[in-house]
>>> print(open('coords-v2.tsv').read())   # TSV, C-alpha atoms
chain	number	residue	atom	x	y	z
A	1	MET	CA	0.00	0.00	0.00
A	2	PRO	CA	1.52	3.44	-0.93
A	3	ASP	CA	2.66	5.71	1.90
A	4	ASP	CA	0.10	8.40	1.11
A	5	GLU	CA	-2.73	5.84	1.31
A	6	VAL	CA	-1.43	4.59	4.66
A	7	ARG	CA	-1.73	8.10	6.02
A	8	LEU	CA	-5.28	8.44	4.71
A	9	THR	CA	-6.60	5.15	6.09
A	10	PRO	CA	-6.86	3.94	9.69
A	11	PRO	CA	-4.66	0.96	10.56
A	12	GLU	CA	-6.14	-2.51	10.17
A	13	SER	CA	-6.40	-2.99	13.93
A	14	LEU	CA	-8.55	0.13	14.25
A	15	LEU	CA	-10.67	-0.79	11.23
A	16	GLN	CA	-11.33	-4.16	12.83
A	17	VAL	CA	-12.56	-2.50	16.02
A	18	ILE	CA	-14.79	-0.10	14.07
A	19	ASP	CA	-16.16	-2.96	11.97
A	20	ASN	CA	-17.04	-4.88	15.15
A	21	LEU	CA	-18.80	-1.87	16.67
A	22	SER	CA	-20.66	-1.18	13.45
A	23	LYS	CA	-21.97	-4.75	13.35
A	24	PHE	CA	-22.92	-5.48	16.93
A	25	HIS	CA	-23.96	-2.01	18.06
A	26	ARG	CA	-26.21	-1.74	15.02
A	27	GLU	CA	-27.85	-5.04	15.98
A	28	HIS	CA	-28.12	-3.88	19.61
A	29	GLU	CA	-29.84	-0.69	18.50
A	30	GLU	CA	-32.26	-2.63	16.30
A	31	TYR	CA	-33.56	-4.18	19.52
A	32	TYR	CA	-33.73	-0.85	21.35
A	33	SER	CA	-35.58	0.78	18.49
A	34	GLN	CA	-38.45	-1.66	19.18
A	35	ALA	CA	-38.42	-2.58	22.88
A	36	PRO	CA	-39.26	0.93	24.16
A	37	LEU	CA	-42.30	1.05	21.87
A	38	GLN	CA	-43.63	-2.13	23.46
A	39	GLN	CA	-42.96	-0.73	26.94
A	40	ALA	CA	-44.66	2.52	25.97
A	41	GLY	CA	-47.77	0.61	24.92
A	42	ARG	CA	-47.91	-1.17	28.27
A	43	LEU	CA	-47.46	2.12	30.10
A	44	GLN	CA	-50.34	3.66	28.17
A	45	ALA	CA	-52.53	0.70	29.13
A	46	ARG	CA	-51.70	1.28	32.81
A	47	ALA	CA	-52.44	4.97	32.43
A	48	ARG	CA	-55.81	4.16	30.86
A	49	ALA	CA	-56.66	1.91	33.79
A	50	LEU	CA	-55.95	4.71	36.25
A	51	LYS	CA	-58.03	7.15	34.21
A	52	SER	CA	-60.92	4.70	34.09
A	53	LEU	CA	-60.91	4.45	37.88
A	54	ALA	CA	-60.59	8.23	38.23
A	55	ASP	CA	-63.50	8.76	35.82
A	56	ARG	CA	-65.64	6.34	37.82
A	57	TRP	CA	-64.75	7.78	41.21
A	58	SER	CA	-65.32	11.34	40.04
A	59	VAL	CA	-69.07	10.78	39.56
A	60	VAL	CA	-70.23	7.66	41.40
A	61	GLU	CA	-71.90	7.83	44.78
A	62	ALA	CA	-70.33	5.72	47.50
A	63	GLY	CA	-72.19	2.50	48.16
A	64	GLU	CA	-72.62	0.56	51.35
A	65	MET	CA	-70.42	-2.39	52.21
A	66	SER	CA	-71.98	-5.68	51.16
A	67	PRO	CA	-72.05	-8.53	53.69
A	68	ILE	CA	-71.05	-10.93	50.90
A	69	ALA	CA	-67.31	-11.56	51.12
A	70	PHE	CA	-65.35	-11.27	47.88
A	71	ALA	CA	-68.31	-9.77	46.04
A	72	GLY	CA	-67.35	-7.16	43.48
A	73	THR	CA	-67.94	-3.59	44.61
A	74	GLU	CA	-70.56	-2.11	42.30
A	75	ASP	CA	-69.55	1.47	43.06
A	76	LEU	CA	-65.74	1.21	42.87
A	77	ASN	CA	-65.20	-0.99	39.81
A	78	ALA	CA	-65.03	0.90	36.54
A	79	PRO	CA	-67.16	-0.46	33.67
A	80	GLY	CA	-65.13	-2.76	31.42
A	81	LEU	CA	-61.92	-2.33	33.39
A	82	VAL	CA	-62.01	-5.69	35.18
A	83	ALA	CA	-61.95	-7.59	31.89
A	84	GLU	CA	-59.26	-5.32	30.40
A	85	SER	CA	-56.84	-5.05	33.32
A	86	GLY	CA	-57.95	-7.58	35.92
A	87	ILE	CA	-58.24	-4.81	38.55
A	88	LEU	CA	-61.12	-5.91	40.75
A	89	PHE	CA	-62.23	-4.25	43.97
A	90	MET	CA	-63.96	-6.76	46.24
A	91	GLU	CA	-65.94	-6.40	49.45
A	92	GLY	CA	-63.98	-6.98	52.62
A	93	GLU	CA	-60.63	-6.89	50.78
A	94	GLY	CA	-57.85	-4.32	50.57
A	95	GLN	CA	-55.99	-3.01	47.54
A	96	PRO	CA	-56.54	-5.25	44.49
A	97	ALA	CA	-53.56	-7.48	43.76
A	98	GLU	CA	-53.57	-6.34	40.13
A	99	LEU	CA	-53.19	-2.72	41.18
A	100	GLN	CA	-50.25	-3.61	43.41
A	101	ARG	CA	-48.75	-5.51	40.48
A	102	LEU	CA	-49.20	-2.45	38.26
A	103	LYS	CA	-47.24	-0.32	40.71
A	104	SER	CA	-44.54	-2.96	41.14
A	105	GLU	CA	-44.07	-3.25	37.38
A	106	VAL	CA	-43.76	0.51	37.04
A	107	ALA	CA	-41.15	0.56	39.81
A	108	VAL	CA	-39.13	-2.17	38.07
A	109	LEU	CA	-39.36	-0.33	34.76
A	110	ALA	CA	-38.13	2.87	36.42
A	111	ASP	CA	-35.06	1.07	37.78
A	112	GLU	CA	-34.31	-0.65	34.49
A	113	THR	CA	-34.74	2.56	32.50
A	114	GLN	CA	-32.48	4.53	34.80
A	115	GLN	CA	-29.78	1.86	34.69
A	116	GLY	CA	-30.01	1.63	30.91
A	117	GLY	CA	-29.77	5.39	30.50
A	118	GLU	CA	-26.76	5.64	32.79
A	119	TRP	CA	-24.97	2.85	30.91
A	120	LEU	CA	-25.73	4.43	27.54
A	121	ALA	CA	-24.49	7.84	28.67
A	122	ARG	CA	-21.17	6.34	29.82
A	123	ALA	CA	-20.82	4.43	26.56
A	124	MET	CA	-21.44	7.56	24.49
A	125	GLU	CA	-18.82	9.48	26.50
A	126	GLN	CA	-16.24	6.95	25.34
A	127	ALA	CA	-17.64	6.76	21.82
A	128	TRP	CA	-17.41	10.54	21.48
A	129	ASP	CA	-13.69	10.51	22.27
A	130	MET	CA	-13.06	7.62	19.89
A	131	ALA	CA	-14.98	9.31	17.08
A	132	GLY	CA	-12.90	12.44	17.54
A	133	ASN	CA	-9.73	10.43	16.98
A	134	LEU	CA	-11.06	9.31	13.59
A	135	ALA	CA	-10.68	12.88	12.31
A	136	ALA	CA	-7.00	12.08	11.71
A	137	TYR	CA	-7.95	9.79	8.81
A	138	PRO	CA	-9.27	11.56	5.67
A	139	ALA	CA	-10.61	8.28	4.30
A	140	LEU	CA	-13.42	8.55	6.87
A	141	ALA	CA	-13.79	12.33	6.89
A	142	ASP	CA	-17.05	12.41	4.92
A	143	LEU	CA	-18.66	9.96	7.36
A	144	LEU	CA	-17.71	11.66	10.61
A	145	GLY	CA	-20.98	13.56	10.56
A	146	GLU	CA	-22.85	10.26	10.37
A	147	ARG	CA	-20.86	8.74	13.24
A	148	HIS	CA	-21.30	11.76	15.48
A	149	ARG	CA	-25.03	11.86	14.71
A	150	ILE	CA	-25.31	8.25	15.88
A	151	ILE	CA	-23.62	9.20	19.14
A	152	ALA	CA	-25.74	12.33	19.54
A	153	ASN	CA	-28.96	10.37	19.03
A	154	ASP	CA	-27.91	7.73	21.54
A	155	TRP	CA	-26.83	10.36	24.04
A	156	GLN	CA	-30.16	12.12	23.70
A	157	SER	CA	-31.89	8.77	24.16
A	158	ALA	CA	-29.93	8.26	27.37
A	159	GLY	CA	-31.18	11.60	28.67
A	160	LEU	CA	-34.76	10.71	27.82
A	161	GLN	CA	-34.42	7.43	29.69
A	162	ALA	CA	-33.26	9.28	32.80
A	163	LEU	CA	-36.29	11.56	32.59
A	164	VAL	CA	-38.62	8.61	32.04
A	165	ALA	CA	-37.35	7.02	35.26
A	166	ARG	CA	-38.07	10.25	37.16
A	167	LEU	CA	-41.58	10.49	35.76
A	168	LEU	CA	-42.36	6.88	36.64
A	169	ARG	CA	-41.15	7.28	40.21
A	170	ARG	CA	-43.12	10.49	40.68
A	171	ALA	CA	-46.24	8.75	39.40
A	172	LEU	CA	-45.72	6.10	42.06
A	173	ASP	CA	-45.30	8.84	44.68
A	174	LEU	CA	-48.71	10.19	43.71
A	175	LEU	CA	-50.34	6.77	43.83
A	176	ALA	CA	-48.86	6.26	47.29
A	177	GLN	CA	-51.11	9.11	48.48
A	178	VAL	CA	-54.19	6.97	47.84
A	179	ASP	CA	-55.49	4.27	50.16
A	180	PHE	CA	-57.00	1.78	47.73
A	181	SER	CA	-58.95	-0.26	50.25
A	182	PRO	CA	-62.72	-0.13	49.54
A	183	ALA	CA	-63.46	1.35	52.97
A	184	ALA	CA	-61.01	4.22	52.49
A	185	LEU	CA	-62.14	4.88	48.93
A	186	ARG	CA	-65.77	5.08	49.98
A	187	ALA	CA	-64.86	7.48	52.74
A	188	ASP	CA	-63.09	9.62	50.15
A	189	LEU	CA	-66.11	9.49	47.83
A	190	ARG	CA	-68.29	10.80	50.66
A	191	GLY	CA	-65.77	13.55	51.35
A	192	GLU	CA	-63.36	15.56	49.20
A	193	ARG	CA	-62.79	12.99	46.44
A	194	LYS	CA	-59.03	13.37	46.45
A	195	ALA	CA	-58.32	9.95	44.95
A	196	PRO	CA	-59.46	10.80	41.39
A	197	ALA	CA	-57.17	13.84	41.26
A	198	TYR	CA	-54.13	11.80	42.26
A	199	LEU	CA	-54.99	9.09	39.73
A	200	TYR	CA	-55.43	11.58	36.90
A	201	SER	CA	-52.08	13.20	37.65
A	202	ALA	CA	-50.29	9.87	37.98
A	203	SER	CA	-51.77	8.68	34.67
A	204	GLU	CA	-50.60	11.86	32.95
A	205	LEU	CA	-47.04	11.23	34.14
A	206	LEU	CA	-47.22	7.65	32.84
A	207	ASP	CA	-48.50	8.95	29.51
A	208	ARG	CA	-45.63	11.42	29.24
A	209	ALA	CA	-43.14	8.72	30.14
A	210	ALA	CA	-44.61	6.56	27.36
A	211	ASP	CA	-44.28	9.43	24.88
A	212	LEU	CA	-40.61	9.91	25.79
A	213	MET	CA	-39.92	6.19	25.49
A	214	ALA	CA	-41.34	6.32	21.96
A	215	GLN	CA	-39.14	9.32	21.17
A	216	SER	CA	-36.15	7.39	22.48
A	217	ALA	CA	-36.95	4.51	20.14
A	218	ILE	CA	-37.28	6.89	17.19
A	219	LEU	CA	-33.87	8.41	17.88
A	220	VAL	CA	-32.22	5.00	17.97
A	221	HIS	CA	-34.10	3.85	14.88
A	222	GLU	CA	-32.75	6.84	12.94
A	223	ASN	CA	-29.25	5.38	13.33
A	224	GLU	CA	-29.89	2.25	11.27
A	225	ARG	CA	-28.93	3.69	7.87
A	226	ARG	CA	-25.97	5.58	9.33
A	227	TRP	CA	-24.54	2.40	10.84
A	228	ARG	CA	-25.00	0.61	7.51
A	229	VAL	CA	-23.24	3.32	5.51
A	230	PHE	CA	-20.42	3.61	8.03
A	231	ARG	CA	-19.78	-0.13	8.10
A	232	ALA	CA	-19.84	-0.38	4.33
A	233	ARG	CA	-16.99	2.14	4.13
A	234	VAL	CA	-14.99	0.35	6.78
A	235	ARG	CA	-15.35	-2.99	5.02
A	236	GLU	CA	-14.37	-1.34	1.76
A	237	LEU	CA	-11.19	-0.02	3.35
A	238	ARG	CA	-10.40	-3.39	4.91
A	239	SER	CA	-10.69	-5.15	1.57
A	240	ALA	CA	-8.53	-2.60	-0.28
>>> encode(input="coords-v2.tsv", output="structure tokens")
Amino acid sequence: MPDDEVRLTPPESLLQVIDNLSKFHREHEEYYSQAPLQQAGRLQARARALKSLADRWSVVEAGEMSPIAFAGTEDLNAPGLVAESGILFMEGEGQPAELQRLKSEVAVLADETQQGGEWLARAMEQAWDMAGNLAAYPALADLLGERHRIIANDWQSAGLQALVARLLRRALDLLAQVDFSPAALRADLRGERKAPAYLYSASELLDRAADLMAQSAILVHENERRWRVFRARVRELRSA
């Protein structure tokens, strides 16, 4: 290979590293361009469940406790919600198990999203430095914009994930203000009806978290063509 071409092209060892990143990180991002959309859909379903309960409790009059154990509470159950979500308020019971499961799943998602965002931010810090070093090789100069855009999109996605985790945890804080036992809910219905307001606000935070998760997926999905173009150049240089 002529000396001037050696100066233009990264060494084989570096090309091998870039080729590896272009292959496996592209595949990794293909997953993360889809998974957040699925999570966002589940979050929206949980938000709808909370809104259905809030709608019901905003207008219904509190009923009297039935002497029949495990009977469904006519006043507290939202029409159609039991079949959709499994959330069933029963006489003589406390918080429905399905509602506790909803909160537990949101808490787990908050932890996972925060951890994923922190990992991605650290990875992009290193990727940014590595991409800057590629400026020394003119053979890749026209693709440095593509590479830095990939990093910028991923870094922005990491920031969105951190915000999603905050929103999810604050939604749980709001839900913690509500006693979901039938006795407490009926007392609230006969009084100031605070429970619906907390549920509406919590559902709005879940909805916003879902929106941001979808935005995160879009950012990552935008990288697919850039990875493909970047890897094609690297493989071209390796085969020269």
>>> axis_aligned_box(input="coords-v2.tsv", around="stretch 216-219 of chain A", padding_each_side="6 Å", output="JSON")
{"center_x": -35.6, "center_y": 6.5, "center_z": 19.8, "size_x": 15.4, "size_y": 15.9, "size_z": 17.3}
>>> closest_residue(input="coords-v2.tsv", among="A:Leu109, A:Leu140, A:Ala83, A:Ser216", to="A:Leu15", atoms="all atoms listed in the file")
A:Leu140
>>> closest_residue(input="coords-v2.tsv", among="A:Glu236, A:Glu98, A:Asp55, A:Glu12", to="A:Pro196", atoms="all atoms listed in the file")
A:Asp55
>>> closest_residue(input="coords-v2.tsv", among="A:Ala54, A:Ala176, A:Met90, A:Ala195", to="A:Lys103", atoms="all atoms listed in the file")
A:Ala176
>>> residues_around(input="coords-v2.tsv", residues="A:Glu74", least_positions_apart="5", cutoff="12 Å", atoms="all atoms listed in the file", output="ChimeraX atom specification")
/A:56-57,60-66,79,82,88-91,182,186
>>> write_last_selection(input="coords-v2.tsv", atoms="C-alpha atoms", output="PDB file, in the coordinates of the input")
ATOM      1  CA  ARG A  56     -65.640   6.340  37.820  1.00  0.00           C
ATOM      2  CA  TRP A  57     -64.750   7.780  41.210  1.00  0.00           C
ATOM      3  CA  VAL A  60     -70.230   7.660  41.400  1.00  0.00           C
ATOM      4  CA  GLU A  61     -71.900   7.830  44.780  1.00  0.00           C
ATOM      5  CA  ALA A  62     -70.330   5.720  47.500  1.00  0.00           C
ATOM      6  CA  GLY A  63     -72.190   2.500  48.160  1.00  0.00           C
ATOM      7  CA  GLU A  64     -72.620   0.560  51.350  1.00  0.00           C
ATOM      8  CA  MET A  65     -70.420  -2.390  52.210  1.00  0.00           C
ATOM      9  CA  SER A  66     -71.980  -5.680  51.160  1.00  0.00           C
ATOM     10  CA  PRO A  79     -67.160  -0.460  33.670  1.00  0.00           C
ATOM     11  CA  VAL A  82     -62.010  -5.690  35.180  1.00  0.00           C
ATOM     12  CA  LEU A  88     -61.120  -5.910  40.750  1.00  0.00           C
ATOM     13  CA  PHE A  89     -62.230  -4.250  43.970  1.00  0.00           C
ATOM     14  CA  MET A  90     -63.960  -6.760  46.240  1.00  0.00           C
ATOM     15  CA  GLU A  91     -65.940  -6.400  49.450  1.00  0.00           C
ATOM     16  CA  PRO A 182     -62.720  -0.130  49.540  1.00  0.00           C
ATOM     17  CA  ARG A 186     -65.770   5.080  49.980  1.00  0.00           C
TER      18      ARG A 186
END
>>> atom_distance(input="coords-v2.tsv", atom1="atom CA of A:Glu105", atom2="atom CA of A:Trp155")
25.7 Å
>>> residues_around(input="coords-v2.tsv", residues="A:Val234", least_positions_apart="5", cutoff="12 Å", atoms="all atoms listed in the file", output="list in words")
Thr9, Pro10, Pro11, Glu12, Ser13, Leu14, Leu15, Gln16, Val17, Ile18, Asp19, Asn20, Leu21, Ser22, Lys23, Leu134, Tyr137, Ala139, Leu140, Leu143, Trp227, Arg228, Val229, Ser239 and Ala240 of chain A
>>> closest_residue(input="coords-v2.tsv", among="A:Ser201, A:Gln126, A:Asn223, A:Thr113", to="A:Pro36", atoms="all atoms listed in the file")
A:Thr113
>>> closest_residue(input="coords-v2.tsv", among="A:Asp142, A:Glu204, A:Asp154, A:Glu84", to="A:Val220", atoms="all atoms listed in the file")
A:Asp154
>>> closest_residue(input="coords-v2.tsv", among="A:Asp75, A:Ala158, A:Ala69, A:Asp111", to="A:Met213", atoms="all atoms listed in the file")
A:Ala158
>>> residues_around(input="coords-v2.tsv", residues="A:Gln177", least_positions_apart="4", cutoff="9 Å", atoms="only C-alpha atoms", output="ChimeraX atom specification")
/A:172-173,195,198
>>> atom_distance(input="coords-v2.tsv", atom1="atom CA of A:Arg238", atom2="atom CA of A:Met124")
25.0 Å
>>> atom_distance(input="coords-v2.tsv", atom1="atom CA of A:Ala165", atom2="atom CA of A:Gln114")
5.5 Å
>>> residues_near_point(input="coords-v2.tsv", point="(-50.3, 0.1, 29.2)", cutoff="12 Å", atoms="only C-alpha atoms", output="list in words")
Leu37, Gln38, Gln39, Ala40, Gly41, Arg42, Leu43, Gln44, Ala45, Arg46, Ala47, Arg48, Ala49, Leu50, Lys51, Glu84, Ser85, Leu102, Lys103, Glu105, Val106, Ser203, Leu206, Asp207, Ala209, Ala210 and Asp211 of chain A
>>> residues_around(input="coords-v2.tsv", residues="A:Ala217", least_positions_apart="6", cutoff="8 Å", atoms="all atoms listed in the file", output="list in words")
Tyr32, Ser33, Gln34, Ala35, Pro36, Leu37 and Ser157 of chain A
>>> residues_around(input="coords-v2.tsv", residues="A:Ala78", least_positions_apart="2", cutoff="7 Å", atoms="only C-alpha atoms", output="PyMOL selection string")
chain A and resi 52-53+56+76+80-81
>>> decode(input="coords-v2.tsv", residues="stretch 57-70 of chain A", atoms="C-alpha atoms", output="PDB file, in the first residue's frame")
ATOM      1  CA  TRP A  57     -64.745   7.778  41.206  1.00  0.00           C
ATOM      2  CA  SER A  58     -65.324  11.344  40.041  1.00  0.00           C
ATOM      3  CA  VAL A  59     -69.068  10.781  39.558  1.00  0.00           C
ATOM      4  CA  VAL A  60     -70.226   7.662  41.398  1.00  0.00           C
ATOM      5  CA  GLU A  61     -71.895   7.828  44.777  1.00  0.00           C
ATOM      6  CA  ALA A  62     -70.333   5.721  47.496  1.00  0.00           C
ATOM      7  CA  GLY A  63     -72.192   2.498  48.155  1.00  0.00           C
ATOM      8  CA  GLU A  64     -72.616   0.558  51.355  1.00  0.00           C
ATOM      9  CA  MET A  65     -70.418  -2.395  52.209  1.00  0.00           C
ATOM     10  CA  SER A  66     -71.975  -5.676  51.157  1.00  0.00           C
ATOM     11  CA  PRO A  67     -72.046  -8.528  53.691  1.00  0.00           C
ATOM     12  CA  ILE A  68     -71.049 -10.933  50.899  1.00  0.00           C
ATOM     13  CA  ALA A  69     -67.307 -11.558  51.118  1.00  0.00           C
ATOM     14  CA  PHE A  70     -65.349 -11.269  47.881  1.00  0.00           C
TER      15      PHE A  70
END
